[in-house]
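Working notes for the structure below.
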Amino acid sequence: MLSQAELIDPQARTLTVRIKRYNPEVDEKPHWEEYKVEADGHDRVLDVIQKVKWEQDDTLSLRRSCAHGVCGSDAMRINGSNGLACKILVKNLRSDTLTLEPILGLPVLKDLIVDMKPFFDHYKSVMPFLVNDEQPPTAERLQSPAERARFDESTKCILCACCTTACPPFWGDRKYVGPAAIVNAHRFIFDSRDRGAAERLEILNDAEGVWRCRTVFNCTSACPRDIKVTQTISEVKRLLMTGNIDLDTAPSVVIGN
Amino acid sequence: MNKYEQHEYDVMVVGAGGAGLRAAIEASAHGAKTALVCKSLLGKAHTVMAEGGVAAALASADARDSWQVHFRDTMRGGNFLNQWRMAQLHAQEAPDRVRELQEWGAVFDRTKDGGILQRNFGGHTYPRLAHVGDRTGLEMIRTLQDKGIHQGIDVFMECTIRSLLKDGDRVAGGFGYWRETGRFVLFNAKAVVLATGGIGRCWEISSNSWEYTADGHAMAMWAGADLVDMEFIQFHPTGMVWPPSVRGTLITEGVRGEGGVLKNKDGERFMFRNIPEMFRGDYAETEEEADRWVASVIANERPDARRPPELLKRDVVARAIRREVIAGRGSPHGGVFLDIASKRTPEEIVRKLPGMYHQFKELADVDITKDPMEVGPTCHYMMGGVRVNPETQESTVPGLFAAGEVSGGMHGANRLGGNSLSDLLVFGKRAGEFAAKHAKGMDSFPSINQGEVESFAREALGPFDPAEGENPYTIHEDLRTMMQRRVGIVRSEDDLRFALEELGRLRERAGRVKSGGNIQYNPGWHLALDLWNMIDISEAVTRAALTRTESRGGHTREDFPETDKEWGKRNLVIRKPGDEIIVAEEPLAPMPEDLQALVNKAD
């Protein structure tokens, strides 16, 4: 029988935690504060932050809720890359310094908390709801397993904003709808039950729509759900170029890889 | 002029998980001006974490299923303490609510014919859980959120409701604060729907979100509403036990639904010797029979074997695991083994349970396609809550409604997996509908008592007063440790009496709590206020648990291990009319004969 105790080396280490702090009441601009934290290799970055908060400085502000990567509340810049604090383990950090900043491109409200309203406004702008006024044929609207698989990738999004706030074009142009909004448009455009694709494509066929994307791939590497964000955006672009909304011949997304 | 920001709405919904969103959609569809007020960002509520699926007798995976069977399973699951009318409405209406969700855009995994695929779960006679891999809650909340966006409901995000306002006997709205600025805000409402979820953060080992701080349970009790069934807490059998930082994180019952088996350190499938009398004959008695069942499920055929005992209801499995660990037959970190690697191919496991695969890979370094998981019970669900009218979801306070986990009655002594997502759809809709009707029936807004508002405001600022005081995190940690040890999965009179004394001490400490920093986005201050909810509701749970001198469902007494027929005729009702929390016994509502016959029916 497997003994996990043997498998797991705790790799305890002392971390220097640098956090970008900002309190709108007293600070003109953000500043850095440093803390020393004893952490176990299997602690998550979120545990490290909670140790700072509970034991050293309870004025530190952050969002967190489910604490295992499903709700998407604790997105932040962790050693320069976007991620969820509850999904990154201490043992996977490359250095003993842990640098934490709020995600970029959204106004900072306090410490690690940003104003998510602009992000949600972009999301709302792509009509993220099923459009179909036809009477369903029977008790339910059928969808084959293949049709269902066609957009499986984009249903995994948790709206954490890791992708959009990792996107250099978004940093430069906050009117750009951003990767997350496009992923959510994709989720409905490629849904065989939806009839709103033309309208959504028109919204995205804009300089502030998919054409702002420069295929940097930052979004894909930032996504904590392993969604192939750049590929998703490319599928929407290709649809706009070919005008072919035929779901059967559209490029297919590989599931589960 | 009022010194606080104030809003007027026909219906205010507190909480934006599944029940709150569904209630707001319905209230708005009935023409009520509706506010949806939530303390997190929209779409981050606890529902998002639900994994396995939503239970509804759609009969798409097995044509023998019907609302009658679902009703019977639910009553048996709840050890017959359920409010029968709620269980009936739930079983009858769940299929329509699921189809409606699909009509609004929800995706589900599919049968070959393009219908909704349903999976097996503990206590459900037939495959009944409509699901999307192991992220059903995410899909559900996203669909409801998008539907809300479509309808243009007013959403107040990161706005915490702290207390309910009263006008005489009836509810008049709510008092709360914006998390971002700390500023107070008043809602004047003709009807209020509580949809605040559960209380799991009162325990140390919990699968619940950090936001599950008993807000709605406490606000309702303070406003004079009855609570019911507060002694019944569900400990889900399979939480992660290792590493310590993620102890308690949920492992979906879907693992067992897809064929996963429980073993002790000797490799024995101990559930075979843990089948209770009531379920004897319904479950496989040999491994060979159980394996045959799994084989037919994989082949998508109607099984000619009975289900594996791993799929017994949650309270039974959780207690069996605890016994194995206490007897020294546990895993290295104090759990037992859950093995799916030897039952399904790696491809199937990754496809059917992608979330579980990644969760173990990333957080525990375990590849579940090769090795077993270590699992143990984790505090998961509150069966008890606001006592409501089964048709309308109105509480004993006029104009105050409750739906979802914050309401009580539907699940009795134990909830079946999958019945929570269906509960919040069925009763979220009903609460929204009847709250809107209630509001329509009122000519004018109830009046707000300014004196009451001022006292809430003073109370809320309390934690900033003392020059010196205790950190709220220490008090919270002590509360959780104490509740885990004394009011956990198995209880005794000594432990419960000790817990009451401890709660008194924690209450005194909470009175001297100190929030550091200023009022803008200050999670320490938020917690300092939440401590009052958690301490009061922990006391409600403890008093009910002390009163019920028997073992049943999610309430196990070491000193009264048997299920007592007499206790099966009564619910416990909790009230706080003054400073004291009191417990009253009330007889169950009598069940009509036709339903009684369904419940009694042998297979």
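Chain lettering (A, B, ...) mirrors the order of the structure tokens, residue numbering begins at 1 for each chain separately, and ligand numbering begins at 1 in order of display.
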
Item to complete: Among the residues of segment 74-114 of chain A, find those DSSP assigns to strand (DSSP E or B) from the backbone and print them as a list in words.
Response: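 DSSP on the backbone gives strand (DSSP E or B) at Ala75, Met76, Arg77, Ile78, Ser81, Asn82, Gly83, Leu84, Leu89, Thr97, Leu98, Thr99, Leu100, Glu101, Val108, Leu109, Lys110, Ile113 and Val114 of chain A.
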
If you keep all heavy atoms, can you produce a file of those selected residues as a CSV table (one decimal), in the first residue's frame?
chain,number,residue,atom,x,y,z
A,75,ALA,N,-6.9,35.9,-7.5
A,75,ALA,CA,-5.9,36.1,-8.6
A,75,ALA,C,-5.0,37.2,-8.1
A,75,ALA,O,-5.4,38.2,-7.6
A,75,ALA,CB,-6.7,36.5,-9.8
A,76,MET,N,-3.7,37.0,-8.4
A,76,MET,CA,-2.7,38.1,-8.1
A,76,MET,C,-1.4,37.8,-8.9
A,76,MET,O,-1.3,36.7,-9.5
A,76,MET,CB,-2.4,38.2,-6.6
A,76,MET,CG,-2.0,36.9,-5.9
A,76,MET,SD,-1.9,37.0,-4.1
A,76,MET,CE,-3.6,37.0,-3.6
A,77,ARG,N,-0.5,38.8,-8.9
A,77,ARG,CA,0.8,38.6,-9.5
A,77,ARG,C,1.7,37.9,-8.5
A,77,ARG,O,2.0,38.5,-7.5
A,77,ARG,CB,1.3,39.9,-10.0
A,77,ARG,CG,1.4,40.0,-11.5
A,77,ARG,CD,1.6,41.5,-11.8
A,77,ARG,NE,3.0,41.7,-12.2
A,77,ARG,CZ,3.5,41.5,-13.4
A,77,ARG,NH1,2.7,40.9,-14.3
A,77,ARG,NH2,4.8,41.7,-13.7
A,78,ILE,N,2.1,36.7,-8.8
A,78,ILE,CA,3.0,36.0,-7.9
A,78,ILE,C,4.3,35.8,-8.5
A,78,ILE,O,4.4,35.1,-9.6
A,78,ILE,CB,2.3,34.6,-7.6
A,78,ILE,CG1,0.9,34.9,-6.9
A,78,ILE,CG2,3.2,33.8,-6.7
A,78,ILE,CD1,0.0,33.6,-6.9
A,81,SER,N,4.2,36.5,-12.3
A,81,SER,CA,3.2,35.9,-13.2
A,81,SER,C,1.9,35.8,-12.5
A,81,SER,O,1.8,35.6,-11.3
A,81,SER,CB,3.6,34.5,-13.5
A,81,SER,OG,4.9,34.5,-14.1
A,82,ASN,N,0.8,35.9,-13.3
A,82,ASN,CA,-0.5,35.8,-12.7
A,82,ASN,C,-0.9,34.4,-12.3
A,82,ASN,O,-0.5,33.5,-13.0
A,82,ASN,CB,-1.6,36.3,-13.7
A,82,ASN,CG,-1.7,37.8,-13.8
A,82,ASN,OD1,-0.9,38.5,-13.2
A,82,ASN,ND2,-2.6,38.3,-14.6
A,83,GLY,N,-1.6,34.3,-11.2
A,83,GLY,CA,-2.0,33.0,-10.7
A,83,GLY,C,-3.0,33.1,-9.6
A,83,GLY,O,-3.2,34.2,-9.1
A,84,LEU,N,-3.6,32.0,-9.2
A,84,LEU,CA,-4.4,32.0,-8.0
A,84,LEU,C,-3.6,31.6,-6.8
A,84,LEU,O,-2.9,30.5,-6.8
A,84,LEU,CB,-5.6,30.9,-8.2
A,84,LEU,CG,-6.5,31.2,-9.3
A,84,LEU,CD1,-7.6,30.1,-9.3
A,84,LEU,CD2,-7.2,32.6,-9.2
A,89,LEU,N,1.8,26.0,-4.8
A,89,LEU,CA,2.5,25.5,-3.6
A,89,LEU,C,3.8,26.1,-3.4
A,89,LEU,O,4.6,26.4,-4.4
A,89,LEU,CB,2.6,24.0,-3.7
A,89,LEU,CG,1.3,23.1,-3.9
A,89,LEU,CD1,1.7,21.6,-3.7
A,89,LEU,CD2,0.3,23.5,-2.8
A,97,THR,N,12.3,34.2,-2.2
A,97,THR,CA,11.6,35.4,-2.1
A,97,THR,C,10.3,35.3,-2.8
A,97,THR,O,10.2,34.8,-4.0
A,97,THR,CB,12.4,36.6,-2.8
A,97,THR,OG1,13.6,36.6,-2.1
A,97,THR,CG2,11.7,37.9,-2.6
A,98,LEU,N,9.2,35.6,-2.1
A,98,LEU,CA,7.8,35.5,-2.7
A,98,LEU,C,7.3,37.0,-2.9
A,98,LEU,O,7.1,37.7,-1.9
A,98,LEU,CB,6.9,34.7,-1.8
A,98,LEU,CG,5.4,34.7,-2.1
A,98,LEU,CD1,5.2,34.1,-3.5
A,98,LEU,CD2,4.7,33.9,-1.1
A,99,THR,N,7.2,37.4,-4.1
A,99,THR,CA,6.8,38.8,-4.4
A,99,THR,C,5.3,38.8,-4.9
A,99,THR,O,4.9,38.1,-5.8
A,99,THR,CB,7.6,39.4,-5.5
A,99,THR,OG1,9.0,39.3,-5.1
A,99,THR,CG2,7.3,40.8,-5.7
A,100,LEU,N,4.5,39.5,-4.2
A,100,LEU,CA,3.1,39.5,-4.4
A,100,LEU,C,2.6,41.0,-4.8
A,100,LEU,O,2.9,41.9,-4.1
A,100,LEU,CB,2.3,39.0,-3.2
A,100,LEU,CG,2.7,37.7,-2.7
A,100,LEU,CD1,2.0,37.4,-1.4
A,100,LEU,CD2,2.2,36.6,-3.7
A,101,GLU,N,1.9,41.0,-5.9
A,101,GLU,CA,1.3,42.3,-6.3
A,101,GLU,C,-0.1,42.1,-6.8
A,101,GLU,O,-0.5,41.0,-7.2
A,101,GLU,CB,2.1,42.9,-7.5
A,101,GLU,CG,3.6,43.1,-7.4
A,101,GLU,CD,4.2,43.2,-8.7
A,101,GLU,OE1,4.1,44.2,-9.4
A,101,GLU,OE2,4.8,42.2,-9.2
A,108,VAL,N,-6.3,49.7,-8.5
A,108,VAL,CA,-6.1,49.1,-7.2
A,108,VAL,C,-7.0,49.8,-6.2
A,108,VAL,O,-6.9,51.0,-6.1
A,108,VAL,CB,-4.6,49.1,-6.8
A,108,VAL,CG1,-4.4,48.5,-5.4
A,108,VAL,CG2,-3.8,48.4,-7.8
A,109,LEU,N,-7.7,49.0,-5.4
A,109,LEU,CA,-8.6,49.6,-4.4
A,109,LEU,C,-7.8,49.7,-3.1
A,109,LEU,O,-7.8,50.7,-2.4
A,109,LEU,CB,-9.9,48.8,-4.2
A,109,LEU,CG,-10.8,48.7,-5.4
A,109,LEU,CD1,-12.0,47.8,-5.0
A,109,LEU,CD2,-11.4,50.1,-5.7
A,110,LYS,N,-7.2,48.6,-2.7
A,110,LYS,CA,-6.4,48.5,-1.5
A,110,LYS,C,-5.5,47.2,-1.6
A,110,LYS,O,-6.0,46.2,-2.0
A,110,LYS,CB,-7.3,48.4,-0.3
A,110,LYS,CG,-6.6,48.6,1.0
A,110,LYS,CD,-7.5,48.5,2.2
A,110,LYS,CE,-6.8,48.7,3.5
A,110,LYS,NZ,-7.7,48.6,4.7
A,113,ILE,N,-6.2,44.1,-3.7
A,113,ILE,CA,-7.6,44.1,-4.2
A,113,ILE,C,-7.7,45.1,-5.3
A,113,ILE,O,-7.4,46.3,-5.1
A,113,ILE,CB,-8.6,44.4,-3.1
A,113,ILE,CG1,-8.6,43.2,-2.1
A,113,ILE,CG2,-10.0,44.6,-3.6
A,113,ILE,CD1,-9.4,43.5,-0.9
A,114,VAL,N,-8.2,44.7,-6.5
A,114,VAL,CA,-8.5,45.6,-7.6
A,114,VAL,C,-9.9,45.8,-7.8
A,114,VAL,O,-10.8,44.9,-7.4
A,114,VAL,CB,-7.8,45.1,-8.9
A,114,VAL,CG1,-6.3,45.0,-8.7
A,114,VAL,CG2,-8.4,43.7,-9.3

Given only C-alpha atoms, how would the per-residue table for segment 94-189 of chain A near segment 232-245 of chain A read, listing every residue at most 12 Å away with its closest atom pair and distance in Å to one decimal, sorted by chain and number, as CSV?
residue,atom,partner,partner_atom,distance
A:Arg150,CA,A:Thr232,CA,11.1
A:Phe151,CA,A:Thr232,CA,9.2
A:Asp152,CA,A:Thr232,CA,11.0
A:Glu153,CA,A:Thr232,CA,8.3
A:Ser154,CA,A:Thr232,CA,7.5
A:Thr155,CA,A:Thr232,CA,11.4
A:Cys157,CA,A:Thr232,CA,11.8
A:Cys163,CA,A:Ile233,CA,11.9
A:Val177,CA,A:Ile233,CA,11.6
A:Gly178,CA,A:Ile233,CA,9.8
A:Pro179,CA,A:Ile233,CA,7.2
A:Ala180,CA,A:Ile233,CA,9.5
A:Ala181,CA,A:Ile233,CA,9.9
A:Ile182,CA,A:Ile233,CA,6.3
A:Val183,CA,A:Thr232,CA,6.3
A:Asn184,CA,A:Thr232,CA,9.7
A:Ala185,CA,A:Val236,CA,8.8
A:His186,CA,A:Val236,CA,6.7
A:Arg187,CA,A:Thr232,CA,9.2
A:Phe188,CA,A:Val236,CA,11.2
A:Ile189,CA,A:Ile245,CA,8.4

Take the residues that were just selected and, keeping C-alpha atoms, output them as a PDB file, in the first residue's frame.
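Saved the output as selection-v9.pdb:
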ATOM      1  CA  ARG A 150     -17.122  21.493 -29.250  1.00  0.00           C
ATOM      2  CA  PHE A 151     -17.043  24.276 -26.635  1.00  0.00           C
ATOM      3  CA  ASP A 152     -16.154  22.296 -23.495  1.00  0.00           C
ATOM      4  CA  GLU A 153     -12.896  24.224 -23.184  1.00  0.00           C
ATOM      5  CA  SER A 154     -14.526  27.626 -22.796  1.00  0.00           C
ATOM      6  CA  THR A 155     -17.080  26.423 -20.208  1.00  0.00           C
ATOM      7  CA  CYS A 157     -13.701  29.690 -17.179  1.00  0.00           C
ATOM      8  CA  CYS A 163      -5.777  36.012 -18.468  1.00  0.00           C
ATOM      9  CA  VAL A 177     -12.633  43.466 -24.225  1.00  0.00           C
ATOM     10  CA  GLY A 178      -9.789  41.134 -23.266  1.00  0.00           C
ATOM     11  CA  PRO A 179      -9.270  37.357 -23.378  1.00  0.00           C
ATOM     12  CA  ALA A 180     -11.808  36.396 -20.680  1.00  0.00           C
ATOM     13  CA  ALA A 181     -14.699  38.127 -22.458  1.00  0.00           C
ATOM     14  CA  ILE A 182     -13.727  36.446 -25.740  1.00  0.00           C
ATOM     15  CA  VAL A 183     -13.561  33.020 -24.074  1.00  0.00           C
ATOM     16  CA  ASN A 184     -17.082  33.561 -22.758  1.00  0.00           C
ATOM     17  CA  ALA A 185     -18.322  34.729 -26.165  1.00  0.00           C
ATOM     18  CA  HIS A 186     -16.739  31.578 -27.654  1.00  0.00           C
ATOM     19  CA  ARG A 187     -18.671  29.480 -25.143  1.00  0.00           C
ATOM     20  CA  PHE A 188     -21.955  30.632 -26.730  1.00  0.00           C
ATOM     21  CA  ILE A 189     -20.854  31.148 -30.368  1.00  0.00           C
TER      22      ILE A 189
END

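Between atom CA of Asn120 of chain B and atom CA of Leu363 of chain B the separation is 26.8 Å.
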
Discussion item. Could you list, as a ChimeraX atom specification, every residue within 10 Å of Cys219 of chain A, counting only C-alpha atoms and ignoring same-chain residues fewer than 4 positions away?
Written reply: /A:82,161-168,178-180,215,223-224,226-230

Export, as a short mmCIF file (atom, residue, chain, number, x, y, z; two decimals), in the first residue's frame, the selected residues with all heavy atoms.
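Output contents, as saved in selection.cif:
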data_model
loop_
_atom_site.label_atom_id
_atom_site.label_comp_id
_atom_site.auth_asym_id
_atom_site.auth_seq_id
_atom_site.Cartn_x
_atom_site.Cartn_y
_atom_site.Cartn_z
N ASN A 82 0.80 35.94 -13.28
CA ASN A 82 -0.53 35.84 -12.70
C ASN A 82 -0.86 34.41 -12.29
O ASN A 82 -0.50 33.46 -12.99
CB ASN A 82 -1.58 36.28 -13.73
CG ASN A 82 -1.68 37.79 -13.81
OD1 ASN A 82 -0.92 38.50 -13.15
ND2 ASN A 82 -2.61 38.27 -14.61
N ALA A 161 -9.92 36.59 -13.98
CA ALA A 161 -9.22 37.73 -14.60
C ALA A 161 -7.71 37.52 -14.75
O ALA A 161 -7.00 38.43 -15.14
CB ALA A 161 -9.50 39.04 -13.87
N CYS A 162 -7.20 36.32 -14.46
CA CYS A 162 -5.77 36.06 -14.64
C CYS A 162 -5.35 36.32 -16.09
O CYS A 162 -4.30 36.90 -16.36
CB CYS A 162 -5.42 34.62 -14.27
SG CYS A 162 -5.17 34.37 -12.51
N CYS A 163 -6.17 35.88 -17.06
CA CYS A 163 -5.78 36.01 -18.47
C CYS A 163 -5.80 37.47 -18.91
O CYS A 163 -4.80 37.98 -19.43
CB CYS A 163 -6.68 35.15 -19.36
SG CYS A 163 -8.44 35.55 -19.27
N THR A 164 -6.93 38.13 -18.68
CA THR A 164 -7.08 39.50 -19.17
C THR A 164 -6.01 40.42 -18.58
O THR A 164 -5.45 41.26 -19.29
CB THR A 164 -8.49 40.01 -18.84
OG1 THR A 164 -9.43 39.22 -19.57
CG2 THR A 164 -8.67 41.47 -19.24
N THR A 165 -5.70 40.24 -17.30
CA THR A 165 -4.74 41.14 -16.68
C THR A 165 -3.29 40.69 -16.88
O THR A 165 -2.37 41.29 -16.34
CB THR A 165 -5.03 41.31 -15.17
OG1 THR A 165 -4.91 40.04 -14.54
CG2 THR A 165 -6.42 41.87 -14.95
N ALA A 166 -3.10 39.62 -17.68
CA ALA A 166 -1.74 39.22 -18.06
C ALA A 166 -1.46 39.66 -19.49
O ALA A 166 -0.39 39.42 -20.03
CB ALA A 166 -1.59 37.70 -17.95
N CYS A 167 -2.44 40.30 -20.12
CA CYS A 167 -2.40 40.58 -21.55
C CYS A 167 -1.80 41.96 -21.82
O CYS A 167 -2.41 42.98 -21.47
CB CYS A 167 -3.84 40.50 -22.08
SG CYS A 167 -4.03 41.09 -23.76
N PRO A 168 -0.62 42.04 -22.45
CA PRO A 168 -0.01 43.35 -22.71
C PRO A 168 -0.91 44.31 -23.51
O PRO A 168 -1.01 45.48 -23.14
CB PRO A 168 1.28 43.00 -23.46
CG PRO A 168 1.61 41.61 -23.01
CD PRO A 168 0.29 40.93 -22.81
N GLY A 178 -10.68 42.03 -24.01
CA GLY A 178 -9.79 41.13 -23.27
C GLY A 178 -10.12 39.67 -23.44
O GLY A 178 -11.24 39.30 -23.83
N PRO A 179 -9.13 38.80 -23.15
CA PRO A 179 -9.27 37.36 -23.38
C PRO A 179 -10.47 36.72 -22.67
O PRO A 179 -11.18 35.92 -23.27
CB PRO A 179 -7.96 36.79 -22.82
CG PRO A 179 -7.01 37.92 -22.79
CD PRO A 179 -7.79 39.18 -22.67
N ALA A 180 -10.74 37.08 -21.42
CA ALA A 180 -11.81 36.40 -20.68
C ALA A 180 -13.16 36.61 -21.34
O ALA A 180 -13.97 35.68 -21.47
CB ALA A 180 -11.85 36.87 -19.23
N THR A 215 -1.65 37.70 -30.09
CA THR A 215 -1.19 36.32 -29.85
C THR A 215 0.11 36.24 -29.04
O THR A 215 1.07 35.57 -29.41
CB THR A 215 -1.01 35.52 -31.17
OG1 THR A 215 -0.66 36.42 -32.21
CG2 THR A 215 -2.25 34.78 -31.52
N CYS A 223 -3.68 31.06 -17.34
CA CYS A 223 -4.99 30.49 -16.97
C CYS A 223 -4.85 29.35 -15.97
O CYS A 223 -4.24 28.32 -16.25
CB CYS A 223 -5.73 29.97 -18.20
SG CYS A 223 -7.32 29.24 -17.75
N PRO A 224 -5.43 29.51 -14.76
CA PRO A 224 -5.32 28.45 -13.75
C PRO A 224 -6.20 27.24 -14.07
O PRO A 224 -6.11 26.23 -13.40
CB PRO A 224 -5.80 29.14 -12.47
CG PRO A 224 -6.67 30.26 -12.91
CD PRO A 224 -6.19 30.67 -14.27
N ASP A 226 -6.19 25.91 -17.16
CA ASP A 226 -5.58 25.31 -18.35
C ASP A 226 -6.44 25.45 -19.60
O ASP A 226 -6.43 24.56 -20.46
CB ASP A 226 -5.25 23.82 -18.11
CG ASP A 226 -4.21 23.65 -17.01
OD1 ASP A 226 -3.36 24.53 -16.89
OD2 ASP A 226 -4.28 22.65 -16.28
N ILE A 227 -7.18 26.53 -19.69
CA ILE A 227 -7.94 26.78 -20.92
C ILE A 227 -6.96 27.30 -21.98
O ILE A 227 -6.10 28.13 -21.68
CB ILE A 227 -9.05 27.83 -20.69
CG1 ILE A 227 -10.03 27.35 -19.62
CG2 ILE A 227 -9.78 28.16 -21.99
CD1 ILE A 227 -11.05 28.38 -19.19
N LYS A 228 -7.09 26.78 -23.20
CA LYS A 228 -6.21 27.26 -24.28
C LYS A 228 -6.79 28.56 -24.80
O LYS A 228 -7.43 28.61 -25.86
CB LYS A 228 -6.10 26.20 -25.36
CG LYS A 228 -5.43 24.93 -24.85
CD LYS A 228 -5.43 23.85 -25.91
CE LYS A 228 -5.14 22.52 -25.26
NZ LYS A 228 -6.27 22.07 -24.38
N VAL A 229 -6.54 29.63 -24.04
CA VAL A 229 -7.22 30.90 -24.30
C VAL A 229 -6.88 31.45 -25.68
O VAL A 229 -7.76 31.86 -26.44
CB VAL A 229 -6.86 31.94 -23.20
CG1 VAL A 229 -7.63 33.23 -23.42
CG2 VAL A 229 -7.17 31.36 -21.82
N THR A 230 -5.59 31.43 -26.03
CA THR A 230 -5.18 32.00 -27.31
C THR A 230 -5.82 31.24 -28.47
O THR A 230 -6.28 31.83 -29.44
CB THR A 230 -3.63 31.98 -27.44
OG1 THR A 230 -3.08 32.46 -26.22
CG2 THR A 230 -3.18 32.85 -28.58
#

How close does each residue of chain A get to chain B, giving the shortest atom pair and distance in Å to one decimal for every residue with an atom at most 7 Å away, counting only C-alpha atoms, sorted by chain and residue number, as CSV?
residue,atom,partner,partner_atom,distance
A:Ser3,CA,B:Pro332,CA,6.6
A:Ala5,CA,B:Pro332,CA,6.8
A:His42,CA,B:Pro243,CA,6.4
A:Asp43,CA,B:Ser245,CA,5.6
A:Trp54,CA,B:Tyr473,CA,6.0
A:Asp58,CA,B:Gly516,CA,6.1
A:Thr59,CA,B:Gly517,CA,5.0
A:Ser61,CA,B:Asn522,CA,6.1
A:Ser65,CA,B:Trp210,CA,5.0
A:Cys66,CA,B:Ser209,CA,4.2
A:Ala67,CA,B:Ser209,CA,7.0
A:Val70,CA,B:Met49,CA,6.2
A:Cys71,CA,B:Lys44,CA,4.8
A:Gly72,CA,B:Lys44,CA,6.9
A:Ser73,CA,B:Lys44,CA,6.9
A:Pro128,CA,B:Asp146,CA,6.0
A:Phe129,CA,B:Asp146,CA,5.3
A:Leu130,CA,B:Gly105,CA,4.9
A:Glu140,CA,B:Arg99,CA,6.2
A:Leu142,CA,B:Gly114,CA,4.8
A:Gln143,CA,B:Gly114,CA,4.6
A:Ser144,CA,B:Gly114,CA,4.3
A:Pro145,CA,B:Arg110,CA,5.4
A:Gly256,CA,B:Arg351,CA,6.2

Worksheet item: Which of segment 84-221 of chain A counts as alpha helix (DSSP H) under DSSP, as a PyMOL selection string please?
Response: chain A and resi 117-125+145-149+168-172+178-189+197-204+218-221

Worksheet item: How far is it from atom CA of Arg85 of chain B to atom CA of Glu539 of chain B, in Å with one decimal?
Response: 28.6 Å

Practice prompt. Write out as a PyMOL selection string the residues lying within 10 Å of His236 of chain B, counting only C-alpha atoms and excluding same-chain residues fewer than 2 positions away.
Written response: chain B and resi 206-207+233-234+238-239+248+250-253+313-319+376-381+417+554

Practice prompt. Using only C-alpha atoms, pick whichever of B:Arg280, B:Arg387, B:Lys370, B:Arg323 has the shortest atom-to-atom distance to Arg307 of chain B.
Written response: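 So, comparing all the options, the nearest one is B:Arg280.
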
Would you list the contacts of Ser407 of chain B as an mmCIF file with N, CA, C and O atoms, in the first residue's frame, taking every protein, DNA or RNA residue within 8 Å and counting only C-alpha atoms, but skipping same-chain residues closer than 4 positions in sequence?
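Result saved to out_10.cif:
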data_model
loop_
_atom_site.group_PDB
_atom_site.id
_atom_site.type_symbol
_atom_site.label_atom_id
_atom_site.label_comp_id
_atom_site.auth_asym_id
_atom_site.auth_seq_id
_atom_site.Cartn_x
_atom_site.Cartn_y
_atom_site.Cartn_z
ATOM 1 N N GLY B 384 -30.027 22.061 9.060
ATOM 2 C CA GLY B 384 -30.949 22.941 9.768
ATOM 3 C C GLY B 384 -30.911 24.360 9.254
ATOM 4 O O GLY B 384 -29.957 24.779 8.595
ATOM 5 N N GLY B 385 -31.965 25.097 9.586
ATOM 6 C CA GLY B 385 -31.996 26.490 9.162
ATOM 7 C C GLY B 385 -33.331 27.132 9.446
ATOM 8 O O GLY B 385 -34.100 26.643 10.293
ATOM 9 N N VAL B 386 -33.613 28.197 8.708
ATOM 10 C CA VAL B 386 -34.828 28.972 8.945
ATOM 11 C C VAL B 386 -36.045 28.103 8.644
ATOM 12 O O VAL B 386 -36.132 27.480 7.584
ATOM 13 N N ARG B 387 -36.957 28.056 9.618
ATOM 14 C CA ARG B 387 -38.168 27.261 9.447
ATOM 15 C C ARG B 387 -39.112 28.029 8.524
ATOM 16 O O ARG B 387 -39.448 29.191 8.785
ATOM 17 N N VAL B 388 -39.515 27.379 7.440
ATOM 18 C CA VAL B 388 -40.300 28.077 6.423
ATOM 19 C C VAL B 388 -41.605 27.362 6.113
ATOM 20 O O VAL B 388 -41.748 26.157 6.338
ATOM 21 N N ALA B 402 -36.746 32.459 3.084
ATOM 22 C CA ALA B 402 -35.413 31.851 3.081
ATOM 23 C C ALA B 402 -35.402 30.700 2.085
ATOM 24 O O ALA B 402 -36.396 29.985 1.931
ATOM 25 N N ALA B 403 -34.274 30.527 1.398
ATOM 26 C CA ALA B 403 -34.152 29.438 0.425
ATOM 27 C C ALA B 403 -32.731 28.925 0.376
ATOM 28 O O ALA B 403 -31.779 29.657 0.649
#

Item to complete: Would you kindly return, as number ranges by chain, each protein, DNA or RNA residue with an atom no farther than 12 Å from any atom of Glu550 of chain B, considering only C-alpha atoms and excluding same-chain residues fewer than 5 positions away?
Response: B: 231-232, 413, 490-493, 544-545, 555-568, 570

Worksheet item: Which residues, written as a ChimeraX atom specification, have at least one atom at most 12 Å from Ser66 of chain B, with only C-alpha atoms counted and residues fewer than 2 positions away on the same chain left out?
Response: /B:55-64,68-73,88,91-95,124-128,598

Item to complete: Compare A:His31, A:Pro107, A:Arg21, A:Arg13 by their minimum atom-to-atom distance to Asp57 of chain A, counting only C-alpha atoms, and give me the closest one.
Response: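 For Asp57 of chain A, the nearest of the candidates is A:Arg21.
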
Worksheet item: Taking into account only C-alpha atoms, which residue in the set A:Pro24, A:Gly69, A:Gly105, A:Gly80 is nearest to Trp171 of chain A?
Response: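 Looking only at the distances to Trp171 of chain A, the closest residue turns out to be A:Gly105.
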